[in-house]
file target-v6.pdb (PDB, C-alpha atoms and all ligand atoms)
ATOM      1  CA  MET A   1      11.882 -28.447  19.214
ATOM      2  CA  ASN A   2      10.111 -30.962  21.373
ATOM      3  CA  TYR A   3       9.738 -31.879  25.028
ATOM      4  CA  LEU A   4       9.763 -35.539  26.127
ATOM      5  CA  GLY A   5       9.713 -36.478  22.461
ATOM      6  CA  ILE A   6       6.308 -34.893  21.792
ATOM      7  CA  GLU A   7       6.137 -32.671  18.756
ATOM      8  CA  PRO A   8       4.294 -29.382  19.344
ATOM      9  CA  VAL A   9       1.377 -28.526  17.057
ATOM     10  CA  ARG A  10       2.782 -26.191  14.451
ATOM     11  CA  PRO A  11       0.189 -25.033  11.914
ATOM     12  CA  ARG A  12       1.260 -24.879   8.287
ATOM     13  CA  VAL A  13       1.131 -21.271   7.166
ATOM     14  CA  ALA A  14       1.115 -20.008   3.585
ATOM     15  CA  LEU A  15       1.341 -16.404   2.449
ATOM     16  CA  PHE A  16      -0.317 -15.147  -0.712
ATOM     17  CA  SER A  17      -0.078 -11.763  -2.325
ATOM     18  CA  PHE A  18      -2.632  -9.983  -4.494
ATOM     19  CA  THR A  19      -2.845  -6.284  -5.439
ATOM     20  CA  GLY A  20      -0.686  -4.414  -2.952
ATOM     21  CA  CYS A  21       2.882  -3.436  -2.277
ATOM     22  CA  GLU A  22       3.838  -6.630  -0.338
ATOM     23  CA  GLY A  23       4.820  -4.472   2.616
ATOM     24  CA  CYS A  24       2.723  -6.617   4.946
ATOM     25  CA  GLN A  25       4.675  -9.738   3.953
ATOM     26  CA  LEU A  26       7.860  -7.807   4.473
ATOM     27  CA  GLN A  27       6.741  -6.934   7.991
ATOM     28  CA  LEU A  28       6.541 -10.643   8.817
ATOM     29  CA  ALA A  29      10.170 -11.073   7.824
ATOM     30  CA  ASN A  30      11.120  -8.132  10.041
ATOM     31  CA  HIS A  31      11.150  -7.838  13.831
ATOM     32  CA  GLU A  32      14.296  -9.931  14.170
ATOM     33  CA  GLU A  33      14.168 -10.024  17.982
ATOM     34  CA  SER A  34      11.208 -12.443  17.836
ATOM     35  CA  LEU A  35      11.706 -13.969  14.382
ATOM     36  CA  ALA A  36      13.227 -17.235  15.668
ATOM     37  CA  GLU A  37      10.342 -17.828  18.122
ATOM     38  CA  PHE A  38       7.789 -16.903  15.451
ATOM     39  CA  LEU A  39       9.252 -19.386  12.981
ATOM     40  CA  ALA A  40       9.510 -22.070  15.688
ATOM     41  CA  ALA A  41       5.778 -21.787  16.417
ATOM     42  CA  ILE A  42       4.625 -22.366  12.825
ATOM     43  CA  ARG A  43       5.661 -24.172   9.655
ATOM     44  CA  ILE A  44       5.983 -21.805   6.713
ATOM     45  CA  VAL A  45       5.077 -23.689   3.560
ATOM     46  CA  ARG A  46       4.906 -20.735   1.183
ATOM     47  CA  PHE A  47       6.379 -17.268   1.605
ATOM     48  CA  ARG A  48       7.937 -16.059  -1.630
ATOM     49  CA  GLU A  49       9.585 -12.985  -0.100
ATOM     50  CA  ILE A  50      11.872 -15.230   1.935
ATOM     51  CA  SER A  51      12.015 -18.491  -0.019
ATOM     52  CA  SER A  52      11.330 -19.891  -3.497
ATOM     53  CA  SER A  53      10.288 -23.207  -1.975
ATOM     54  CA  GLU A  54       6.585 -24.145  -1.962
ATOM     55  CA  GLN A  55       5.396 -27.173  -0.031
ATOM     56  CA  GLY A  56       1.910 -28.550  -0.498
ATOM     57  CA  GLU A  57      -0.995 -28.012   1.827
ATOM     58  CA  TYR A  58      -1.550 -25.436   4.547
ATOM     59  CA  ASP A  59      -3.802 -24.787   7.535
ATOM     60  CA  ILE A  60      -3.666 -20.992   7.643
ATOM     61  CA  ALA A  61      -3.595 -18.780   4.548
ATOM     62  CA  LEU A  62      -2.426 -15.228   5.173
ATOM     63  CA  VAL A  63      -3.765 -13.263   2.219
ATOM     64  CA  GLU A  64      -2.302  -9.859   1.447
ATOM     65  CA  GLY A  65      -3.590  -7.359  -1.093
ATOM     66  CA  ALA A  66      -6.876  -6.321  -2.676
ATOM     67  CA  ILE A  67      -8.640  -8.111  -5.533
ATOM     68  CA  THR A  68      -8.587  -6.276  -8.867
ATOM     69  CA  ARG A  69      -8.398  -8.911 -11.638
ATOM     70  CA  ASN A  70     -10.331 -12.004 -12.676
ATOM     71  CA  ASP A  71      -7.301 -14.272 -12.323
ATOM     72  CA  GLU A  72      -6.986 -13.012  -8.725
ATOM     73  CA  VAL A  73     -10.606 -13.991  -8.063
ATOM     74  CA  GLU A  74      -9.929 -17.515  -9.328
ATOM     75  CA  ARG A  75      -6.723 -17.838  -7.317
ATOM     76  CA  LEU A  76      -8.452 -16.602  -4.158
ATOM     77  CA  LEU A  77     -11.348 -19.048  -4.570
ATOM     78  CA  ALA A  78      -8.832 -21.902  -4.861
ATOM     79  CA  ILE A  79      -7.047 -20.759  -1.680
ATOM     80  CA  ARG A  80     -10.377 -20.540   0.173
ATOM     81  CA  ALA A  81     -11.272 -24.070  -0.933
ATOM     82  CA  GLN A  82      -7.973 -25.488   0.338
ATOM     83  CA  THR A  83      -7.345 -23.682   3.628
ATOM     84  CA  LYS A  84      -8.916 -24.204   7.054
ATOM     85  CA  VAL A  85      -8.411 -20.590   8.102
ATOM     86  CA  LEU A  86      -8.185 -17.609   5.775
ATOM     87  CA  VAL A  87      -6.804 -14.402   7.254
ATOM     88  CA  ALA A  88      -6.933 -11.067   5.417
ATOM     89  CA  LEU A  89      -3.552  -9.492   6.092
ATOM     90  CA  GLY A  90      -3.312  -5.712   5.969
ATOM     91  CA  SER A  91      -5.556  -2.849   4.935
ATOM     92  CA  CYS A  92      -5.529  -3.724   1.221
ATOM     93  CA  ALA A  93      -6.908  -7.176   2.010
ATOM     94  CA  CYS A  94      -9.302  -5.959   4.733
ATOM     95  CA  TYR A  95     -10.722  -2.851   3.041
ATOM     96  CA  GLY A  96      -9.261  -2.592  -0.462
ATOM     97  CA  GLY A  97      -6.726  -0.096   0.886
ATOM     98  CA  VAL A  98      -5.301   2.689  -1.233
ATOM     99  CA  ASN A  99      -6.204   0.639  -4.325
ATOM    100  CA  ARG A 100      -9.838   1.405  -3.600
ATOM    101  CA  LEU A 101      -9.322   5.078  -4.438
ATOM    102  CA  LYS A 102      -9.586   4.223  -8.123
ATOM    103  CA  ASN A 103     -13.197   3.053  -7.671
ATOM    104  CA  SER A 104     -14.332   6.674  -7.592
ATOM    105  CA  LEU A 105     -12.629   7.425 -10.945
ATOM    106  CA  ASP A 106     -13.756   6.754 -14.498
ATOM    107  CA  PRO A 107     -12.234   3.294 -15.227
ATOM    108  CA  ALA A 108     -11.214   4.220 -18.806
ATOM    109  CA  VAL A 109      -9.556   7.477 -17.711
ATOM    110  CA  MET A 110      -7.817   5.740 -14.813
ATOM    111  CA  ASN A 111      -6.539   2.947 -17.054
ATOM    112  CA  ARG A 112      -5.145   5.436 -19.579
ATOM    113  CA  GLU A 113      -3.515   7.522 -16.832
ATOM    114  CA  VAL A 114      -1.699   4.483 -15.463
ATOM    115  CA  TYR A 115      -1.062   2.293 -18.505
ATOM    116  CA  GLY A 116      -1.196   4.733 -21.415
ATOM    117  CA  ASP A 117      -1.904   2.895 -24.691
ATOM    118  CA  LEU A 118      -1.136  -0.490 -23.105
ATOM    119  CA  SER A 119      -4.524  -0.881 -21.429
ATOM    120  CA  GLN A 120      -4.702  -3.582 -18.729
ATOM    121  CA  GLU A 121      -7.542  -5.489 -17.109
ATOM    122  CA  SER A 122      -8.474  -3.730 -13.877
ATOM    123  CA  LEU A 123     -11.739  -4.498 -12.088
ATOM    124  CA  PRO A 124     -13.178  -2.251  -9.382
ATOM    125  CA  THR A 125     -11.131  -2.930  -6.248
ATOM    126  CA  ARG A 126     -12.622  -5.351  -3.739
ATOM    127  CA  SER A 127     -11.439  -6.453  -0.344
ATOM    128  CA  VAL A 128     -10.725 -10.162   0.163
ATOM    129  CA  GLY A 129     -13.902 -10.409   2.261
ATOM    130  CA  GLU A 130     -15.994  -9.113  -0.632
ATOM    131  CA  VAL A 131     -14.946 -12.129  -2.710
ATOM    132  CA  VAL A 132     -14.665 -15.033  -0.241
ATOM    133  CA  THR A 133     -15.473 -15.736   3.399
ATOM    134  CA  VAL A 134     -12.724 -14.418   5.665
ATOM    135  CA  ASP A 135     -12.138 -15.896   9.123
ATOM    136  CA  LEU A 136     -10.122 -13.011  10.512
ATOM    137  CA  GLU A 137      -9.043  -9.557   9.347
ATOM    138  CA  ILE A 138      -5.745  -8.067  10.540
ATOM    139  CA  PRO A 139      -5.721  -4.407   9.530
ATOM    140  CA  GLY A 140      -2.796  -2.035   9.174
ATOM    141  CA  CYS A 141      -0.676  -0.561   6.415
ATOM    142  CA  PRO A 142       1.485  -2.390   7.026
ATOM    143  CA  VAL A 143       0.310  -4.847   9.678
ATOM    144  CA  SER A 144       1.997  -4.766  13.059
ATOM    145  CA  LYS A 145       4.295  -7.780  13.312
ATOM    146  CA  PRO A 146       3.908  -8.085  17.112
ATOM    147  CA  GLU A 147       0.140  -8.125  16.618
ATOM    148  CA  VAL A 148       0.394 -10.825  13.921
ATOM    149  CA  GLU A 149       2.577 -12.885  16.272
ATOM    150  CA  ARG A 150      -0.003 -12.582  19.051
ATOM    151  CA  ILE A 151      -2.813 -13.558  16.677
ATOM    152  CA  ILE A 152      -0.926 -16.619  15.406
ATOM    153  CA  GLN A 153      -0.416 -17.686  19.026
ATOM    154  CA  HIS A 154      -4.144 -17.314  19.645
ATOM    155  CA  LEU A 155      -4.882 -19.451  16.573
ATOM    156  CA  ILE A 156      -2.517 -22.141  17.870
ATOM    157  CA  TRP A 157      -4.089 -22.072  21.341
ATOM    158  CA  GLY A 158      -7.635 -21.866  19.986
ATOM    159  CA  ILE A 159      -8.382 -18.662  21.912
ATOM    160  CA  PRO A 160     -10.248 -15.847  20.125
ATOM    161  CA  TYR A 161      -8.211 -12.696  19.668
ATOM    162  CA  SER A 162      -9.731  -9.317  20.537
ATOM    163  CA  PHE A 163      -8.493  -6.238  18.748
ATOM    164  CA  PRO A 164      -8.289  -3.034  20.779
ATOM    165  CA  ALA A 165     -11.662  -1.310  20.901
ATOM    166  CA  TYR A 166     -10.177   2.050  21.869
ATOM    167  CA  PRO A 167      -9.084   4.669  19.339
ATOM    168  CA  VAL A 168      -5.555   5.701  18.379
ATOM    169  CA  CYS A 169      -5.953   8.816  20.551
ATOM    170  CA  LEU A 170      -5.646   6.712  23.696
ATOM    171  CA  GLU A 171      -2.158   5.460  22.834
ATOM    172  CA  CYS A 172      -1.239   8.895  21.524
ATOM    173  CA  LYS A 173      -2.095  10.456  24.885
ATOM    174  CA  GLN A 174      -0.257   7.686  26.718
ATOM    175  CA  SER A 175       2.905   8.585  24.824
ATOM    176  CA  PHE A 176       2.488  12.335  25.526
ATOM    177  CA  THR A 177       2.468  13.218  21.814
ATOM    178  CA  LEU A 178       1.318  16.753  21.044
ATOM    179  CA  CYS A 179      -2.054  16.520  19.259
ATOM    180  CA  ARG A 180      -1.765  17.129  15.503
ATOM    181  CA  PHE A 181      -5.044  19.072  15.552
ATOM    182  CA  GLN A 182      -3.373  21.624  17.792
ATOM    183  CA  GLN A 183      -0.747  22.028  15.080
ATOM    184  CA  GLY A 184      -3.314  22.656  12.371
ATOM    185  CA  GLU A 185      -3.324  19.131  10.917
ATOM    186  CA  LEU A 186      -6.098  16.664  10.314
ATOM    187  CA  CYS A 187      -5.914  13.393  12.230
ATOM    188  CA  LEU A 188      -8.235  10.367  12.137
ATOM    189  CA  GLY A 189      -7.023   9.086  15.507
ATOM    190  CA  PRO A 190     -10.382   9.706  17.240
ATOM    191  CA  LEU A 191     -12.131   7.333  14.798
ATOM    192  CA  THR A 192      -9.442   4.725  14.219
ATOM    193  CA  ARG A 193      -8.790   1.487  16.077
ATOM    194  CA  GLY A 194      -5.739   1.662  18.330
ATOM    195  CA  GLY A 195      -2.995  -0.922  18.630
ATOM    196  CA  CYS A 196      -0.329   0.743  16.486
ATOM    197  CA  ARG A 197       1.061   2.776  19.405
ATOM    198  CA  ALA A 198      -0.004   5.929  17.511
ATOM    199  CA  ILE A 199       3.188   5.858  15.499
ATOM    200  CA  CYS A 200       2.081   8.375  12.884
ATOM    201  CA  PRO A 201       1.292  11.235  15.296
ATOM    202  CA  ALA A 202       4.467  10.364  17.206
ATOM    203  CA  GLY A 203       6.398  10.664  13.932
ATOM    204  CA  GLY A 204       4.811  14.007  13.030
ATOM    205  CA  LEU A 205       1.890  12.907  10.833
ATOM    206  CA  GLY A 206      -1.827  12.835  11.479
ATOM    207  CA  CYS A 207      -3.434   9.379  11.471
ATOM    208  CA  TRP A 208      -4.818   8.217   8.092
ATOM    209  CA  GLY A 209      -7.013   5.455   9.497
ATOM    210  CA  CYS A 210      -5.154   2.385   8.234
ATOM    211  CA  ARG A 211      -6.441   0.189  11.081
ATOM    212  CA  GLY A 212     -10.108   0.813  10.335
ATOM    213  CA  PRO A 213     -12.738   1.999  12.791
ATOM    214  CA  ALA A 214     -12.477   1.845  16.567
ATOM    215  CA  ALA A 215     -15.523   0.524  18.419
ATOM    216  CA  ASP A 216     -18.470   2.888  18.020
ATOM    217  CA  PRO A 217     -16.622   5.792  16.359
ATOM    218  CA  ASN A 218     -18.344   9.153  16.762
ATOM    219  CA  TYR A 219     -18.362  10.394  13.158
ATOM    220  CA  PRO A 220     -20.687  13.400  13.698
ATOM    221  CA  GLU A 221     -18.499  14.774  16.483
ATOM    222  CA  PHE A 222     -15.352  14.169  14.430
ATOM    223  CA  PHE A 223     -16.835  16.069  11.478
ATOM    224  CA  ALA A 224     -17.936  18.898  13.770
ATOM    225  CA  ILE A 225     -14.419  19.260  15.222
ATOM    226  CA  ALA A 226     -12.682  18.962  11.840
ATOM    227  CA  ARG A 227     -14.979  21.614  10.318
ATOM    228  CA  GLN A 228     -14.478  23.845  13.352
ATOM    229  CA  GLN A 229     -10.726  23.536  12.778
ATOM    230  CA  GLY A 230     -11.220  24.832   9.233
ATOM    231  CA  PHE A 231     -10.953  21.632   7.192
ATOM    232  CA  SER A 232     -13.162  21.411   4.101
ATOM    233  CA  GLU A 233     -15.565  18.551   3.338
ATOM    234  CA  ARG A 234     -13.244  17.497   0.544
ATOM    235  CA  GLU A 235     -10.175  17.352   2.820
ATOM    236  CA  ILE A 236     -12.066  15.375   5.441
ATOM    237  CA  ASN A 237     -13.592  12.937   2.964
ATOM    238  CA  GLU A 238     -10.318  12.408   1.089
ATOM    239  CA  ARG A 239      -8.662  11.461   4.350
ATOM    240  CA  LEU A 240     -11.536   9.195   5.397
ATOM    241  CA  THR A 241     -11.557   7.292   2.097
ATOM    242  CA  PHE A 242      -7.800   6.801   1.890
ATOM    243  CA  PHE A 243      -7.619   3.212   3.167
ATOM    244  CA  GLY A 244     -11.244   2.300   2.529
ATOM    245  CA  GLY A 245     -12.009   1.220   6.099
ATOM    246  CA  LEU A 246     -13.851   4.259   7.419
ATOM    247  CA  GLU A 247     -17.181   5.844   6.568
ATOM    248  CA  VAL A 248     -17.442   9.007   4.522
ATOM    249  CA  THR A 249     -19.752  11.991   5.220
ATOM    250  CA  PRO A 250     -22.312  10.976   7.874
TER     251      PRO A 250
HETATM  252  S1  LIG A 301      -1.756  -2.858   3.446
HETATM  253 FE1  LIG A 301      -0.146  -1.348   2.988
HETATM  254  S2  LIG A 301       1.785  -2.428   3.400
HETATM  255 FE2  LIG A 301       0.159  -3.992   3.210
HETATM  256  S3  LIG A 301       0.185  -4.606   1.047
HETATM  257 FE3  LIG A 301      -1.338  -2.962   1.248
HETATM  258  S4  LIG A 301      -0.204  -1.068   0.745
HETATM  259 FE4  LIG A 301       1.324  -2.649   1.190
HETATM  260  S1  LIG A 302      -2.765  13.577  17.320
HETATM  261 FE1  LIG A 302      -4.501  12.432  16.514
HETATM  262  S2  LIG A 302      -4.415  10.482  17.614
HETATM  263 FE2  LIG A 302      -3.192  11.955  18.773
HETATM  264  S3  LIG A 302      -4.608  12.826  20.290
HETATM  265 FE3  LIG A 302      -4.595  14.179  18.502
HETATM  266  S4  LIG A 302      -6.347  13.471  17.279
HETATM  267 FE4  LIG A 302      -5.851  11.813  18.708
HETATM  268  S1  LIG A 303      -1.558   6.201  13.458
HETATM  269 FE1  LIG A 303      -3.275   5.726  12.100
HETATM  270  S2  LIG A 303      -2.414   5.608  10.028
HETATM  271 FE2  LIG A 303      -0.704   5.500  11.515
HETATM  272  S3  LIG A 303      -0.367   3.291  11.846
HETATM  273 FE3  LIG A 303      -1.782   3.986  13.444
HETATM  274  S4  LIG A 303      -3.842   3.610  12.595
HETATM  275 FE4  LIG A 303      -2.389   3.541  10.877
END

call {"tool": "encode", "arguments": {"input": "target-v6.pdb", "output": "structure tokens", "more": "lines below"}}
Ligand code: SF4
Ligand code: SF4
Ligand code: SF4
result
Amino acid sequence: MNYLGIEPVRPRVALFSFTGCEGCQLQLANHEESLAEFLAAIRIVRFREISSSEQGEYDIALVEGAITRNDEVERLLAIRAQTKVLVALGSCACYGGVNRLKNSLDPAVMNREVYGDLSQESLPTRSVGEVVTVDLEIPGCPVSKPEVERIIQHLIWGIPYSFPAYPVCLECKQSFTLCRFQQGELCLGPLTRGGCRAICPAGGLGCWGCRGPAADPNYPEFFAIARQQGFSEREINERLTFFGGLEVTP
């Protein structure tokens, strides 16, 4: 598309996947109502979930998944060296995600549990930002496609993007969802960054904190309320460590 014969600036975007379920990539192929506009704004040069084609250089690398093997470290360093902008895509890339749970286990026991006698290389899980410099982190398990679209637009326009500072509770209240605490469930909404439209509480689940911390989360007050509601330290800490983005016992 062009106007008066002038080509718009369309950054070359490449997607890369490391340790994760590839659900964040899948999200980018979803949201059909805006897919045509999204693809018109950028040039996809590598996105193996939708095409086997790979075309040369790129301006923006969207990196999904945590880092758990030496070959992943080498691949990530090469991506960092080539790209202008490196974006960590999703909670695995931003925080290590659910993969990080294994870091609290004995590596030998964990390896045997998963691989049996066919032991595999498996380093302690690291986020992308613990291995290379990251320009932007987009949290979520999976990421929100509308949010990724907005962020890509900001990158094209050269305008910094601000994530919501408010917690999930705000959007939960706006949608008149009955609080999960009142139904005897644990919910990390008071600590977690909003922007997901509080879809888990709306769907009948407490929040698990996939979007990382809201601005200035009040951990002591959260612990006080959770304990008052009868949740044990273990239940609270297991929930807080699930995606790797929140703090554990204050
Ligand atoms: S953040 Fe969630 S959806 Fe994305 S790759 Fe990791 S596990 Fe999959
Ligand atoms: S359900 Fe969770 S997110 Fe919603 S108001 Fe209650 S604590 Fe906050
Ligand atoms: S409610 Fe919590 S766990 Fe669910 S999508 Fe939002 S931030 Fe993630």

call {"tool": "resolve_selection", "arguments": {"input": "target-v6.pdb", "expression": "the PyMOL selection byres (((chain A and resi 127) around 6) and not hetatm)", "output": "PDB file with C-alpha atoms, in the coordinates of the input"}}
result
ATOM      1  CA  ALA A  66      -6.876  -6.321  -2.676  1.00  0.00           C
ATOM      2  CA  ALA A  93      -6.908  -7.176   2.010  1.00  0.00           C
ATOM      3  CA  CYS A  94      -9.302  -5.959   4.733  1.00  0.00           C
ATOM      4  CA  TYR A  95     -10.722  -2.851   3.041  1.00  0.00           C
ATOM      5  CA  GLY A  96      -9.261  -2.592  -0.462  1.00  0.00           C
ATOM      6  CA  ARG A 126     -12.622  -5.351  -3.739  1.00  0.00           C
ATOM      7  CA  VAL A 128     -10.725 -10.162   0.163  1.00  0.00           C
ATOM      8  CA  GLY A 129     -13.902 -10.409   2.261  1.00  0.00           C
ATOM      9  CA  GLU A 130     -15.994  -9.113  -0.632  1.00  0.00           C
TER      10      GLU A 130
END

call {"tool": "closest_residue", "arguments": {"input": "target-v6.pdb", "among": "A:Arg75, A:Arg193, A:Lys173, A:Arg227", "to": "Arg211 in chain A", "atoms": "all atoms listed in the file"}}
result
A:Arg193

call {"tool": "residues_near_ligand", "arguments": {"input": "target-v6.pdb", "ligand": "ligand LIG 301 (chain A)", "cutoff": "8 Å", "atoms": "all atoms listed in the file", "output": "number ranges by chain"}}
result
A: 17, 19-25, 64-66, 89-93, 97-98, 139-143, 210

call {"tool": "closest_residue", "arguments": {"input": "target-v6.pdb", "among": "A:Val168, A:Ala224, A:Leu123, A:Ala78", "to": "Asp106 in chain A", "atoms": "all atoms listed in the file"}}
result
A:Leu123

call {"tool": "closest_atom_pairs", "arguments": {"input": "target-v6.pdb", "of": "chain A", "to": "ligand LIG 303 (chain A)", "cutoff": "7 Å", "atoms": "only C-alpha atoms and all ligand atoms", "output": "JSON lines"}}
result
{"residue": "A:Gly140", "atom": "CA", "partner": "A:LIG303", "partner_atom": "FE4", "distance": 5.8}
{"residue": "A:Cys141", "atom": "CA", "partner": "A:LIG303", "partner_atom": "FE4", "distance": 6.3}
{"residue": "A:Val168", "atom": "CA", "partner": "A:LIG303", "partner_atom": "S1", "distance": 6.4}
{"residue": "A:Leu188", "atom": "CA", "partner": "A:LIG303", "partner_atom": "FE1", "distance": 6.8}
{"residue": "A:Gly189", "atom": "CA", "partner": "A:LIG303", "partner_atom": "FE1", "distance": 6.1}
{"residue": "A:Thr192", "atom": "CA", "partner": "A:LIG303", "partner_atom": "S4", "distance": 5.9}
{"residue": "A:Arg193", "atom": "CA", "partner": "A:LIG303", "partner_atom": "S4", "distance": 6.4}
{"residue": "A:Gly194", "atom": "CA", "partner": "A:LIG303", "partner_atom": "S4", "distance": 6.3}
{"residue": "A:Cys196", "atom": "CA", "partner": "A:LIG303", "partner_atom": "FE3", "distance": 4.7}
{"residue": "A:Arg197", "atom": "CA", "partner": "A:LIG303", "partner_atom": "FE3", "distance": 6.7}
{"residue": "A:Ala198", "atom": "CA", "partner": "A:LIG303", "partner_atom": "S1", "distance": 4.3}
{"residue": "A:Ile199", "atom": "CA", "partner": "A:LIG303", "partner_atom": "S1", "distance": 5.2}
{"residue": "A:Cys200", "atom": "CA", "partner": "A:LIG303", "partner_atom": "FE2", "distance": 4.2}
{"residue": "A:Pro201", "atom": "CA", "partner": "A:LIG303", "partner_atom": "S1", "distance": 6.1}
{"residue": "A:Gly206", "atom": "CA", "partner": "A:LIG303", "partner_atom": "S1", "distance": 6.9}
{"residue": "A:Cys207", "atom": "CA", "partner": "A:LIG303", "partner_atom": "FE1", "distance": 3.7}
{"residue": "A:Trp208", "atom": "CA", "partner": "A:LIG303", "partner_atom": "S2", "distance": 4.0}
{"residue": "A:Gly209", "atom": "CA", "partner": "A:LIG303", "partner_atom": "FE1", "distance": 4.6}
{"residue": "A:Cys210", "atom": "CA", "partner": "A:LIG303", "partner_atom": "FE4", "distance": 4.0}
{"residue": "A:Arg211", "atom": "CA", "partner": "A:LIG303", "partner_atom": "S4", "distance": 4.6}

call {"tool": "residues_around", "arguments": {"input": "target-v6.pdb", "residues": "Gln153 in chain A", "least_positions_apart": "4", "cutoff": "8 Å", "atoms": "all atoms listed in the file", "output": "PyMOL selection string"}}
result
chain A and resi 41+149+157

call {"tool": "closest_residue", "arguments": {"input": "target-v6.pdb", "among": "A:Glu171, A:Asp71, A:Glu233, A:Glu121", "to": "Gly195 in chain A", "atoms": "all atoms listed in the file"}}
result
A:Glu171

call {"tool": "build_atoms", "arguments": {"input": "target-v6.pdb", "residues": "range 32-44 of chain A", "atoms": "N, CA and C atoms", "output": "compact mmCIF listing (two decimals), in the coordinates of the input"}}
result
# COMPACT_ATOMS: atom_id res chain seq x y z
N GLU A 32 13.34 -8.84 13.97
CA GLU A 32 14.30 -9.93 14.17
C GLU A 32 14.33 -10.46 15.60
N GLU A 33 14.04 -9.58 16.59
CA GLU A 33 14.17 -10.02 17.98
C GLU A 33 13.23 -11.18 18.31
N SER A 34 12.12 -11.33 17.54
CA SER A 34 11.21 -12.44 17.84
C SER A 34 11.06 -13.38 16.64
N LEU A 35 11.87 -13.18 15.61
CA LEU A 35 11.71 -13.97 14.38
C LEU A 35 11.92 -15.47 14.63
N ALA A 36 12.94 -15.81 15.43
CA ALA A 36 13.23 -17.24 15.67
C ALA A 36 12.05 -17.91 16.38
N GLU A 37 11.48 -17.24 17.39
CA GLU A 37 10.34 -17.83 18.12
C GLU A 37 9.12 -17.94 17.20
N PHE A 38 8.93 -16.90 16.38
CA PHE A 38 7.79 -16.90 15.45
C PHE A 38 7.89 -18.09 14.50
N LEU A 39 9.08 -18.30 13.94
CA LEU A 39 9.25 -19.39 12.98
C LEU A 39 9.22 -20.76 13.67
N ALA A 40 9.56 -20.79 14.97
CA ALA A 40 9.51 -22.07 15.69
C ALA A 40 8.08 -22.48 15.99
N ALA A 41 7.17 -21.50 16.04
CA ALA A 41 5.78 -21.79 16.42
C ALA A 41 4.94 -22.27 15.24
N ILE A 42 5.42 -22.02 14.01
CA ILE A 42 4.62 -22.37 12.82
C ILE A 42 5.52 -23.09 11.81
N ARG A 43 4.89 -23.63 10.78
CA ARG A 43 5.66 -24.17 9.65
C ARG A 43 5.30 -23.37 8.43
N ILE A 44 6.24 -22.59 7.92
CA ILE A 44 5.98 -21.80 6.71
C ILE A 44 6.09 -22.73 5.50
